[in-house]
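Participant: So that you have it, the file is upload18.tsv, and it contains TSV, C-alpha atoms:
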chain	number	residue	atom	x	y	z
A	146	MET	CA	-15.98	10.45	-2.06
A	147	LEU	CA	-14.27	8.17	0.41
A	148	ASP	CA	-11.21	8.10	-1.86
A	149	ILE	CA	-10.37	11.60	-0.57
A	150	ALA	CA	-11.61	10.97	2.97
A	151	GLU	CA	-8.46	12.08	4.77
A	152	GLU	CA	-8.46	15.54	3.19
A	153	LEU	CA	-12.23	15.98	3.53
A	154	HIS	CA	-12.15	14.93	7.16
A	155	ARG	CA	-9.65	17.72	7.81
A	156	TRP	CA	-12.06	20.15	6.16
A	157	VAL	CA	-14.86	18.93	8.43
A	158	GLU	CA	-12.68	19.34	11.53
A	159	GLN	CA	-11.81	22.86	10.40
A	160	GLY	CA	-15.51	23.69	10.02
A	161	ARG	CA	-15.32	24.32	6.28
A	162	ASP	CA	-18.38	24.21	4.05
A	163	PHE	CA	-17.84	22.35	0.80
A	164	ALA	CA	-19.58	20.58	-2.06
A	165	VAL	CA	-18.51	17.16	-3.26
A	166	ALA	CA	-18.97	15.80	-6.79
A	167	THR	CA	-18.95	11.99	-6.97
A	168	VAL	CA	-18.86	9.71	-9.99
A	169	VAL	CA	-22.06	7.66	-9.78
A	170	ALA	CA	-22.00	5.63	-12.99
A	171	VAL	CA	-19.75	5.25	-16.00
A	172	GLY	CA	-20.10	4.01	-19.55
A	173	GLY	CA	-17.52	3.31	-22.21
A	174	SER	CA	-13.90	4.29	-21.68
A	175	ALA	CA	-14.47	6.65	-18.75
A	176	PRO	CA	-11.28	7.67	-16.91
A	177	ARG	CA	-12.51	7.28	-13.29
A	178	GLN	CA	-14.75	4.71	-11.64
A	179	PRO	CA	-17.81	5.14	-9.37
A	180	GLY	CA	-16.83	6.68	-6.05
A	181	ALA	CA	-14.13	8.97	-7.48
A	182	ALA	CA	-14.71	12.50	-6.23
A	183	LEU	CA	-13.79	16.16	-6.49
A	184	ALA	CA	-14.58	18.56	-3.66
A	185	VAL	CA	-14.61	22.37	-3.58
A	186	ASP	CA	-14.78	24.44	-0.41
A	187	SER	CA	-16.30	27.88	0.08
A	188	ASP	CA	-12.90	29.52	-0.57
A	189	GLY	CA	-12.62	27.81	-3.95
A	190	THR	CA	-9.99	25.25	-2.94
A	191	ALA	CA	-10.38	21.98	-4.85
A	192	ILE	CA	-9.16	18.45	-4.12
A	193	GLY	CA	-9.65	15.16	-5.94
A	194	SER	CA	-10.67	14.37	-9.50
A	195	VAL	CA	-13.67	12.94	-11.34
A	196	SER	CA	-12.38	12.72	-14.90
A	197	GLY	CA	-8.62	13.09	-15.00
A	198	GLY	CA	-9.05	16.62	-16.35
A	199	CYS	CA	-11.68	16.41	-19.11
A	200	VAL	CA	-14.62	17.98	-17.27
A	201	GLU	CA	-13.04	19.19	-14.04
A	202	GLY	CA	-13.73	22.85	-14.83
A	203	ALA	CA	-17.45	22.30	-15.39
A	204	VAL	CA	-17.74	20.14	-12.27
A	205	TYR	CA	-15.89	22.79	-10.25
A	206	GLU	CA	-18.56	25.31	-11.26
A	207	LEU	CA	-21.35	22.87	-10.36
A	208	CYS	CA	-19.82	22.51	-6.88
A	209	GLN	CA	-19.71	26.26	-6.43
A	210	GLN	CA	-23.33	26.53	-7.52
A	211	ALA	CA	-24.39	23.76	-5.13
A	212	LEU	CA	-22.73	25.61	-2.26
A	213	GLU	CA	-24.72	28.72	-3.12
A	214	ASP	CA	-28.19	27.21	-3.60
A	215	GLY	CA	-27.90	24.20	-1.27
A	216	GLU	CA	-29.32	21.76	-3.82
A	217	SER	CA	-27.92	18.43	-4.97
A	218	VAL	CA	-27.72	17.90	-8.71
A	219	LEU	CA	-27.08	14.88	-10.96
A	220	GLU	CA	-25.25	15.75	-14.18
A	221	ARG	CA	-24.21	13.59	-17.14
A	222	PHE	CA	-21.08	14.23	-19.20
A	223	GLY	CA	-20.41	12.46	-22.48
A	224	TYR	CA	-18.37	12.81	-25.63
A	225	SER	CA	-19.15	15.79	-27.85
A	226	ASP	CA	-17.18	17.30	-30.73
A	227	GLU	CA	-19.94	19.23	-32.50
A	228	ASP	CA	-19.24	22.41	-30.53
A	229	ALA	CA	-15.67	23.53	-29.93
A	230	PHE	CA	-16.73	25.03	-26.61
A	231	ALA	CA	-18.73	22.02	-25.40
A	232	VAL	CA	-17.59	20.26	-22.24
A	233	GLY	CA	-17.18	16.53	-22.78
A	234	LEU	CA	-15.02	13.48	-22.27
A	235	THR	CA	-12.36	13.23	-24.93
A	236	CYS	CA	-12.05	9.49	-24.30
A	237	GLY	CA	-15.56	8.89	-25.61
A	238	GLY	CA	-17.07	7.61	-22.37
A	239	VAL	CA	-20.03	8.79	-20.32
A	240	ILE	CA	-20.05	9.64	-16.60
A	241	ASP	CA	-22.89	10.56	-14.27
A	242	ILE	CA	-21.83	12.86	-11.42
A	243	LEU	CA	-23.76	13.67	-8.27
A	244	VAL	CA	-22.92	17.04	-6.69
A	245	THR	CA	-23.91	17.41	-3.03
A	246	PRO	CA	-23.48	20.47	-0.78
A	247	VAL	CA	-22.07	19.68	2.67
A	248	ARG	CA	-22.59	22.82	4.72
A	249	SER	CA	-22.82	23.28	8.47
A	250	CYS	CA	-26.58	23.73	8.13
A	251	ASP	CA	-27.11	20.61	5.99
A	252	PRO	CA	-28.47	17.47	7.78
A	253	VAL	CA	-26.28	15.27	5.59
A	254	ARG	CA	-23.14	16.74	7.17
A	255	THR	CA	-23.31	14.54	10.29
A	256	VAL	CA	-23.64	11.43	8.14
A	257	PHE	CA	-20.76	12.45	5.91
A	258	THR	CA	-18.66	13.26	8.99
A	259	ALA	CA	-19.16	9.75	10.38
A	260	ALA	CA	-18.21	8.14	7.06
A	261	LEU	CA	-15.20	10.38	6.51
A	262	GLU	CA	-13.89	9.87	10.03
A	263	ALA	CA	-14.06	6.08	9.70
A	264	ALA	CA	-12.43	6.07	6.26
A	265	ALA	CA	-9.71	8.53	7.29
A	266	GLN	CA	-8.80	6.27	10.22
A	267	GLY	CA	-8.58	3.21	7.97
A	268	GLN	CA	-11.76	1.65	9.36
A	269	ALA	CA	-14.43	-0.10	7.33
A	270	ALA	CA	-17.45	2.01	6.36
A	271	ALA	CA	-20.05	2.15	3.60
A	272	LEU	CA	-21.80	5.37	2.58
A	273	ALA	CA	-25.13	5.01	0.77
A	274	ARG	CA	-26.59	8.00	-1.06
A	275	ILE	CA	-29.71	8.44	-3.17
A	276	VAL	CA	-28.58	9.74	-6.54
A	277	SER	CA	-31.84	9.72	-8.48
A	278	GLY	CA	-35.52	9.62	-7.59
A	279	PRO	CA	-37.88	12.10	-5.92
A	280	GLY	CA	-36.13	15.46	-5.61
A	281	GLU	CA	-36.56	15.69	-1.85
A	282	LEU	CA	-34.61	12.43	-1.40
A	283	VAL	CA	-31.69	13.02	-3.78
A	284	GLY	CA	-28.44	13.48	-1.87
A	285	ARG	CA	-29.69	12.03	1.40
A	286	ALA	CA	-27.32	9.54	2.97
A	287	LEU	CA	-26.79	6.71	5.43
A	288	VAL	CA	-23.49	5.26	6.71
A	289	VAL	CA	-22.98	1.66	7.77
A	290	CYS	CA	-20.06	0.33	9.82
A	291	PRO	CA	-19.46	-3.24	11.05
A	292	GLU	CA	-20.22	-2.15	14.62
A	293	ASP	CA	-23.39	-0.30	13.50
A	294	PRO	CA	-25.00	-2.48	10.79
A	295	SER	CA	-28.35	-0.73	11.09
A	296	GLY	CA	-26.75	2.49	9.87
A	297	HIS	CA	-26.33	6.07	11.02
A	298	GLY	CA	-28.45	8.73	9.34
A	299	GLY	CA	-31.34	7.90	7.04
A	300	PHE	CA	-33.54	9.04	4.21
A	301	GLY	CA	-36.61	10.32	6.03
A	302	ALA	CA	-38.97	8.30	3.84
A	303	HIS	CA	-40.49	4.86	4.43
A	304	PRO	CA	-38.78	3.17	7.45
A	305	GLU	CA	-38.29	-0.03	5.44
A	306	LEU	CA	-36.15	1.96	3.00
A	307	ASP	CA	-33.51	2.62	5.67
A	308	ARG	CA	-33.47	-1.02	6.76
A	309	THR	CA	-33.18	-2.38	3.23
A	310	ILE	CA	-30.47	0.02	2.12
A	311	ALA	CA	-28.51	-0.55	5.35
A	312	ALA	CA	-28.56	-4.30	4.67
A	313	GLU	CA	-27.52	-3.81	1.05
A	314	ALA	CA	-24.74	-1.40	2.04
A	315	GLY	CA	-23.51	-3.96	4.56
A	316	ALA	CA	-23.26	-6.53	1.77
A	317	PHE	CA	-21.30	-4.11	-0.41
A	318	LEU	CA	-19.00	-3.41	2.55
A	319	ASP	CA	-18.37	-7.11	3.17
A	320	ALA	CA	-17.19	-7.42	-0.44
A	321	GLY	CA	-15.27	-4.12	-0.40
A	322	ARG	CA	-17.31	-2.95	-3.38
A	323	THR	CA	-18.57	0.36	-4.69
A	324	GLY	CA	-21.54	0.48	-7.05
A	325	THR	CA	-25.22	1.28	-7.46
A	326	LEU	CA	-28.51	-0.47	-6.81
A	327	GLU	CA	-32.12	0.30	-7.70
A	328	ILE	CA	-34.89	0.09	-5.14
A	329	GLY	CA	-38.44	1.27	-4.61
A	330	GLU	CA	-39.17	4.27	-2.40
A	331	GLN	CA	-40.67	1.96	0.24
A	332	GLY	CA	-37.69	-0.35	0.42
A	333	SER	CA	-38.80	-2.91	-2.14
A	334	ARG	CA	-40.36	-2.61	-5.58
A	335	CYS	CA	-43.07	-0.35	-4.18
A	336	GLY	CA	-43.10	3.41	-4.66
A	337	ALA	CA	-41.06	5.63	-6.93
A	338	PRO	CA	-37.82	4.03	-8.16
A	339	LEU	CA	-34.59	5.19	-6.54
A	340	THR	CA	-30.96	4.72	-7.55
A	341	VAL	CA	-28.57	4.41	-4.64
A	342	LEU	CA	-24.78	4.74	-4.77
A	343	VAL	CA	-22.93	2.69	-2.17
A	344	GLU	CA	-19.27	3.60	-1.57
A	345	SER	CA	-17.18	1.19	0.47
A	346	SER	CA	-14.02	2.10	2.30
A	347	VAL	CA	-12.08	-0.82	3.72
A	348	PRO	CA	-8.65	-1.08	5.35
A	349	PRO	CA	-5.83	-1.34	2.80
A	350	PRO	CA	-5.12	-4.83	1.45
A	351	ARG	CA	-2.05	-6.66	2.70
A	352	MET	CA	1.14	-7.46	0.82
A	353	ILE	CA	3.39	-9.90	2.64
A	354	VAL	CA	6.92	-10.13	1.26
A	355	PHE	CA	8.86	-13.20	2.38
A	356	GLY	CA	12.62	-12.84	2.08
A	357	ALA	CA	14.52	-9.74	3.26
A	358	ILE	CA	16.64	-9.31	0.13
A	359	ASP	CA	17.45	-6.28	-2.02
A	360	PHE	CA	14.61	-7.10	-4.42
A	361	ALA	CA	12.25	-7.05	-1.42
A	362	SER	CA	13.24	-3.48	-0.59
A	363	ALA	CA	12.16	-2.30	-4.05
A	364	LEU	CA	8.95	-4.35	-3.84
A	365	VAL	CA	8.07	-2.79	-0.48
A	366	ARG	CA	8.31	0.67	-2.01
A	367	ILE	CA	6.09	-0.13	-4.99
A	368	GLY	CA	3.66	-2.04	-2.76
A	369	LYS	CA	3.22	1.07	-0.61
A	370	PHE	CA	2.77	3.15	-3.77
A	371	LEU	CA	-0.07	0.82	-4.83
A	372	GLY	CA	-1.79	1.27	-1.47
A	373	TYR	CA	-0.91	-2.01	0.25
A	374	ARG	CA	-0.08	-2.46	3.91
A	375	VAL	CA	3.28	-4.16	3.52
A	376	THR	CA	4.86	-6.73	5.85
A	377	VAL	CA	8.38	-8.13	5.40
A	378	CYS	CA	9.02	-11.54	6.96
A	379	ASP	CA	12.34	-13.38	7.20
A	380	ALA	CA	13.75	-15.87	9.70
A	381	ARG	CA	17.16	-14.15	9.64
A	382	PRO	CA	17.31	-11.20	12.06
A	383	VAL	CA	20.46	-9.78	10.52
A	384	PHE	CA	18.56	-9.05	7.29
A	385	ALA	CA	15.03	-8.28	8.54
A	386	THR	CA	15.68	-4.83	10.00
A	387	GLU	CA	14.01	-1.43	9.95
A	388	ALA	CA	17.19	0.10	8.58
A	389	ARG	CA	16.92	-2.09	5.46
A	390	PHE	CA	13.15	-1.66	5.07
A	391	PRO	CA	12.22	1.78	6.41
A	392	GLU	CA	9.01	1.97	4.36
A	393	ALA	CA	7.56	-1.36	5.51
A	394	ASP	CA	4.56	-1.18	7.82
A	395	GLU	CA	5.74	-4.25	9.71
A	396	ILE	CA	8.91	-6.36	9.91
A	397	VAL	CA	8.66	-9.87	11.31
A	398	VAL	CA	11.58	-12.10	12.26
A	399	GLU	CA	10.09	-15.59	12.13
A	400	TRP	CA	10.06	-18.65	9.94
A	401	PRO	CA	7.78	-17.67	7.02
A	402	HIS	CA	5.35	-20.59	7.23
A	403	GLN	CA	4.94	-20.16	10.98
A	404	TYR	CA	4.13	-16.48	10.55
A	405	LEU	CA	1.66	-17.20	7.75
A	406	GLU	CA	-0.09	-19.76	9.97
A	407	ARG	CA	-0.85	-17.17	12.63
A	408	THR	CA	-1.39	-13.96	10.69
A	409	GLU	CA	-4.68	-12.78	9.20
A	410	VAL	CA	-5.15	-12.87	5.42
A	411	ASP	CA	-8.16	-12.40	3.16
A	412	ALA	CA	-9.23	-12.47	-0.48
A	413	ARG	CA	-7.30	-9.24	-1.22
A	414	THR	CA	-3.98	-10.34	0.30
A	415	VAL	CA	-0.97	-10.86	-1.98
A	416	LEU	CA	1.94	-13.12	-0.99
A	417	CYS	CA	5.34	-12.60	-2.62
A	418	VAL	CA	7.90	-15.31	-1.88
A	419	LEU	CA	11.39	-14.01	-2.71
A	420	THR	CA	13.49	-16.39	-0.61
A	421	HIS	CA	14.04	-18.98	-3.41
A	422	ASP	CA	15.40	-21.40	-0.82
A	423	ALA	CA	13.63	-24.76	-0.52
A	424	LYS	CA	13.82	-24.91	3.27
A	425	PHE	CA	11.75	-21.71	3.41
A	426	ASP	CA	9.72	-21.99	0.20
A	427	VAL	CA	8.30	-25.50	0.45
A	428	PRO	CA	6.55	-25.29	3.86
A	429	LEU	CA	5.49	-21.73	3.10
A	430	LEU	CA	4.02	-22.41	-0.34
A	431	ARG	CA	2.38	-25.62	0.82
A	432	LEU	CA	0.31	-23.46	3.17
A	433	ALA	CA	-0.02	-20.39	0.96
A	434	LEU	CA	-1.50	-22.26	-2.00
A	435	ARG	CA	-4.34	-23.51	0.21
A	436	LEU	CA	-5.31	-20.09	1.53
A	437	PRO	CA	-8.07	-17.91	-0.02
A	438	VAL	CA	-5.70	-15.09	-1.02
A	439	ALA	CA	-5.60	-13.03	-4.20
A	440	TYR	CA	-2.09	-13.82	-5.39
A	441	VAL	CA	0.81	-16.16	-4.61
A	442	GLY	CA	4.07	-15.57	-6.47
A	443	ALA	CA	7.51	-17.10	-5.99
A	444	MET	CA	10.88	-15.87	-7.24
A	445	GLY	CA	13.45	-18.14	-8.87
A	446	SER	CA	14.87	-19.35	-12.16
A	447	ARG	CA	12.94	-21.79	-14.31
A	448	ARG	CA	15.17	-24.56	-13.00
A	449	THR	CA	14.39	-23.49	-9.42
A	450	HIS	CA	10.70	-23.39	-10.32
A	451	LEU	CA	10.69	-26.96	-11.67
A	452	ASP	CA	12.63	-28.29	-8.69
A	453	ARG	CA	10.35	-26.44	-6.25
A	454	ASN	CA	7.23	-27.83	-7.92
A	455	GLU	CA	8.53	-31.38	-7.53
A	456	ARG	CA	9.27	-30.78	-3.86
A	457	LEU	CA	5.76	-29.37	-3.39
A	458	ARG	CA	4.20	-32.41	-5.04
A	459	GLU	CA	6.18	-34.63	-2.67
A	460	VAL	CA	4.59	-32.91	0.34
A	461	GLY	CA	1.06	-33.32	-1.02
A	462	VAL	CA	0.41	-30.15	-3.02
A	463	THR	CA	-2.06	-30.96	-5.81
A	464	GLU	CA	-1.84	-29.91	-9.45
A	465	LEU	CA	-4.88	-27.67	-8.93
A	466	GLU	CA	-3.12	-25.93	-6.05
A	467	LEU	CA	0.11	-25.62	-8.05
A	468	ALA	CA	-1.83	-23.94	-10.85
A	469	ARG	CA	-2.39	-20.97	-8.52
A	470	LEU	CA	1.33	-20.33	-8.20
A	471	ARG	CA	2.81	-17.45	-10.22
A	472	SER	CA	6.34	-18.65	-10.82
A	473	PRO	CA	8.76	-17.38	-11.95
A	474	ILE	CA	7.16	-14.34	-10.37
A	475	GLY	CA	6.26	-11.26	-12.44
A	476	LEU	CA	5.59	-10.33	-16.06
A	477	ASP	CA	8.17	-10.55	-18.81
A	478	LEU	CA	9.51	-6.99	-18.92
A	479	GLY	CA	13.15	-7.96	-19.40
A	480	ALA	CA	13.73	-6.70	-15.85
A	481	ARG	CA	17.26	-6.70	-14.44
A	482	THR	CA	17.48	-4.35	-11.47
A	483	PRO	CA	15.57	-4.77	-8.18
A	484	GLU	CA	13.38	-1.81	-9.13
A	485	GLU	CA	12.58	-3.22	-12.57
A	486	THR	CA	11.86	-6.63	-11.03
A	487	ALA	CA	9.55	-5.04	-8.46
A	488	LEU	CA	7.73	-3.29	-11.30
A	489	SER	CA	7.32	-6.60	-13.11
A	490	ILE	CA	5.88	-8.23	-9.97
A	491	ALA	CA	3.56	-5.29	-9.31
A	492	ALA	CA	2.35	-5.37	-12.92
A	493	GLU	CA	1.42	-9.04	-12.57
A	494	ILE	CA	-0.40	-8.36	-9.30
A	495	VAL	CA	-2.43	-5.55	-10.91
A	496	ALA	CA	-3.22	-7.69	-13.96
A	497	ALA	CA	-4.41	-10.52	-11.71
A	498	ARG	CA	-6.52	-8.13	-9.64
A	499	ARG	CA	-8.11	-6.34	-12.58
A	500	GLY	CA	-8.35	-9.18	-15.08
A	501	GLY	CA	-5.77	-7.76	-17.47
A	502	SER	CA	-3.91	-9.85	-20.02
A	503	GLY	CA	-0.47	-8.34	-19.46
A	504	VAL	CA	0.07	-7.80	-23.18
A	505	SER	CA	0.89	-4.46	-24.81
A	506	LEU	CA	-2.14	-2.24	-25.49
A	507	THR	CA	-0.61	-1.22	-28.81
A	508	GLY	CA	-2.41	-3.16	-31.53
A	509	ALA	CA	-4.57	-5.03	-29.04
A	510	HIS	CA	-8.36	-5.10	-29.30
A	511	THR	CA	-9.01	-5.75	-25.62
A	512	PRO	CA	-10.64	-3.26	-23.20
A	513	ILE	CA	-8.26	-0.78	-21.58
A	514	HIS	CA	-10.05	-1.02	-18.22
A	515	HIS	CA	-10.88	-4.35	-16.57
A	516	ASP	CA	-12.36	-3.08	-13.33
A	517	GLY	CA	-13.88	-5.68	-11.02
A	518	THR	CA	-14.20	-3.45	-7.96
A	519	SER	CA	-17.46	-1.74	-8.92
A	520	VAL	CA	-20.77	-3.35	-9.71
A	521	PRO	CA	-23.52	-2.23	-12.09
A	522	ALA	CA	-26.91	-1.04	-10.95
A	523	ARG	CA	-29.21	-3.84	-9.92
A	524	ARG	CA	-32.73	-4.13	-8.61
A	525	ILE	CA	-33.58	-5.41	-5.15
A	526	GLY	CA	-34.86	-8.95	-5.48
A	527	SER	CA	-33.01	-9.65	-8.73
A	528	VAL	CA	-30.00	-11.89	-9.19
A	529	ALA	CA	-26.80	-9.80	-9.22
Output the file's structure in the form of structure tokens.

Facilitator:
Amino acid sequence: MLDIAEELHRWVEQGRDFAVATVVAVGGSAPRQPGAALAVDSDGTAIGSVSGGCVEGAVYELCQQALEDGESVLERFGYSDEDAFAVGLTCGGVIDILVTPVRSCDPVRTVFTAALEAAAQGQAAALARIVSGPGELVGRALVVCPEDPSGHGGFGAHPELDRTIAAEAGAFLDAGRTGTLEIGEQGSRCGAPLTVLVESSVPPPRMIVFGAIDFASALVRIGKFLGYRVTVCDARPVFATEARFPEADEIVVEWPHQYLERTEVDARTVLCVLTHDAKFDVPLLRLALRLPVAYVGAMGSRRTHLDRNERLREVGVTELELARLRSPIGLDLGARTPEETALSIAAEIVAARRGGSGVSLTGAHTPIHHDGTSVPARRIGSVA
């Protein structure tokens, strides 16, 4: 649901009643992952998607029904070709969808409002909802933020349940993950079993592009398209300008390695070094390859790559550290133009993030989706 937080938050501010359908679990080649949502307001306006089109009509009707009767419902959709009129996933997967009414009279509205407001403002928040278990608990929710780790809202059952789920949701939030967990009604293995969906919304990951060249301009655009917060850094003020990079979130005029020393990065950050000039690249990559970031790529010919590697070895970079470097940067697409090159770099970043091979899907026998951002259901007390 938090994937459409900005639009839903506007609905809340406008006082609209709505129902939201959220993907809870998937199996097989399902088109959307847990957390994907479709919402329908009382006027019939719809936003979002849960299946890329396969079952949207049926889910739309479930949302309308939930608005009328005020009850949450968990529905499973799978593949079916026995009946020409049956609603199913043509891809052959299975998805479980929780539909929850969010009306002005529903207690869950205040919890949803807190989660949507945080997510819409780009702040970290985790929304935990009971998706299966005793009927009176299904759909109840709790939101956890870094400044409020004990959670806002609750489930109105055993007090230990709120504490345990708040702690688990905080762990999901720390990892930026969305997924499900199983827990007893009393917060442990005791009581009726519950399945809880935890959706995490975290600030967008960073892409830092070093080198204010024409290829960087194209990479900034595709980085924004992929949802990154993009910074361009170059020591040359004549090139690092807003006029050249109007879509960048931030432009920094500073020596690249000095900026990287002082800026904040994390395990989702990607670093793209496009300067292909040793006086910039060597001190920058020496630092970058020792940071816990998701991706480090450097532009240059194969000759430049070999020369740069030798220079890095001379300043103490180890072979293990060098193995992290994606160079020459990007996948082999035969790219020529800045836009094609940016696409090649972005494709490599996505493949690294999702565990893809980068080979053509035609004739391959590998999974289409390699999604590491969601986690399967697990039981409290078990090893994840």

Participant: Can you tell me how far atom CA of A:Thr340 sits from atom CA of A:Glu327, in Å to one decimal?

Facilitator: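 Separation between atom CA of A:Thr340 and atom CA of A:Glu327: 4.6 Å.
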
Participant: Of the candidates A:Val165, A:Ala423, A:Leu287, A:Ile353, which one gets nearest to A:Ile396 if we count all atoms listed in the file?

Facilitator: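 Of the candidates, the smallest distance to A:Ile396 is held by A:Ile353.
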
Participant: Write out as a PyMOL selection string which residues come within 9 Å of A:Ala273 when counting all atoms listed in the file, dropping same-chain ones fewer than 4 positions away.

Facilitator: chain A and resi 285-289+310-311+314+341-345

Participant: For A:Gln159, which residue among A:Pro291, A:Glu392, A:Glu281, A:Thr258 is the nearest when counting only C-alpha atoms?

Facilitator: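 Of all the options, A:Thr258 lies closest to A:Gln159.
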
Participant: Between atom CA of A:Val157 and atom CA of A:Val283, what is the spacing in Å?

Facilitator: 21.6 Å

Participant: Which residue gives the smallest distance to A:Phe222 among A:Ala433, A:Val168, A:Val418, A:Leu364, with only C-alpha atoms counted?

Facilitator: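 For A:Phe222, the nearest of the candidates is A:Val168.
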
Participant: What are the closest atom pairs, with distances in Å to one decimal, for all residues of stretch 294-397 of chain A lying within 10 Å of stretch 402-414 of chain A? Consider all atoms listed in the file, order rows by chain and residue number, and present the result as JSON lines.

Facilitator:
{"residue": "A:Ala320", "atom": "CA", "partner": "A:Ala412", "partner_atom": "CA", "distance": 9.4}
{"residue": "A:Gly321", "atom": "CA", "partner": "A:Arg413", "partner_atom": "CA", "distance": 9.5}
{"residue": "A:Pro349", "atom": "CA", "partner": "A:Arg413", "partner_atom": "CA", "distance": 9.0}
{"residue": "A:Pro350", "atom": "CA", "partner": "A:Arg413", "partner_atom": "CA", "distance": 5.6}
{"residue": "A:Arg351", "atom": "CA", "partner": "A:Thr414", "partner_atom": "CA", "distance": 4.8}
{"residue": "A:Met352", "atom": "CA", "partner": "A:Thr414", "partner_atom": "CA", "distance": 5.9}
{"residue": "A:Ile353", "atom": "CA", "partner": "A:Thr414", "partner_atom": "CA", "distance": 7.7}
{"residue": "A:Phe355", "atom": "CA", "partner": "A:His402", "partner_atom": "CA", "distance": 9.5}
{"residue": "A:Tyr373", "atom": "CA", "partner": "A:Thr414", "partner_atom": "CA", "distance": 8.9}
{"residue": "A:Arg374", "atom": "CA", "partner": "A:Thr414", "partner_atom": "CA", "distance": 9.5}
{"residue": "A:Cys378", "atom": "CA", "partner": "A:Tyr404", "partner_atom": "CA", "distance": 7.8}
{"residue": "A:Asp379", "atom": "CA", "partner": "A:Tyr404", "partner_atom": "CA", "distance": 9.4}
{"residue": "A:Ala380", "atom": "CA", "partner": "A:Tyr404", "partner_atom": "CA", "distance": 9.7}
{"residue": "A:Val397", "atom": "CA", "partner": "A:Tyr404", "partner_atom": "CA", "distance": 8.0}

Participant: Point out the residue among A:Leu207, A:Ala265, A:Val460, A:Cys199 with the least atom-to-atom distance to A:Glu158, counting only C-alpha atoms.

Facilitator: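 Checking each candidate against A:Glu158, we get A:Ala265 as the closest.
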
Participant: So what do you get for atom CA of A:Asp319 versus atom CA of A:Ala270, distance-wise?

Facilitator: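 Atom-to-atom, atom CA of A:Asp319 and atom CA of A:Ala270 are spaced 9.7 Å apart.
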
Participant: Give the answer as one residue: which of A:Leu282, A:Ala357, A:Val441, A:Ala259 has the shortest atom-to-atom distance to A:Ala388, using all atoms listed in the file?

Facilitator: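 For A:Ala388, the nearest of the given residues is A:Ala357.
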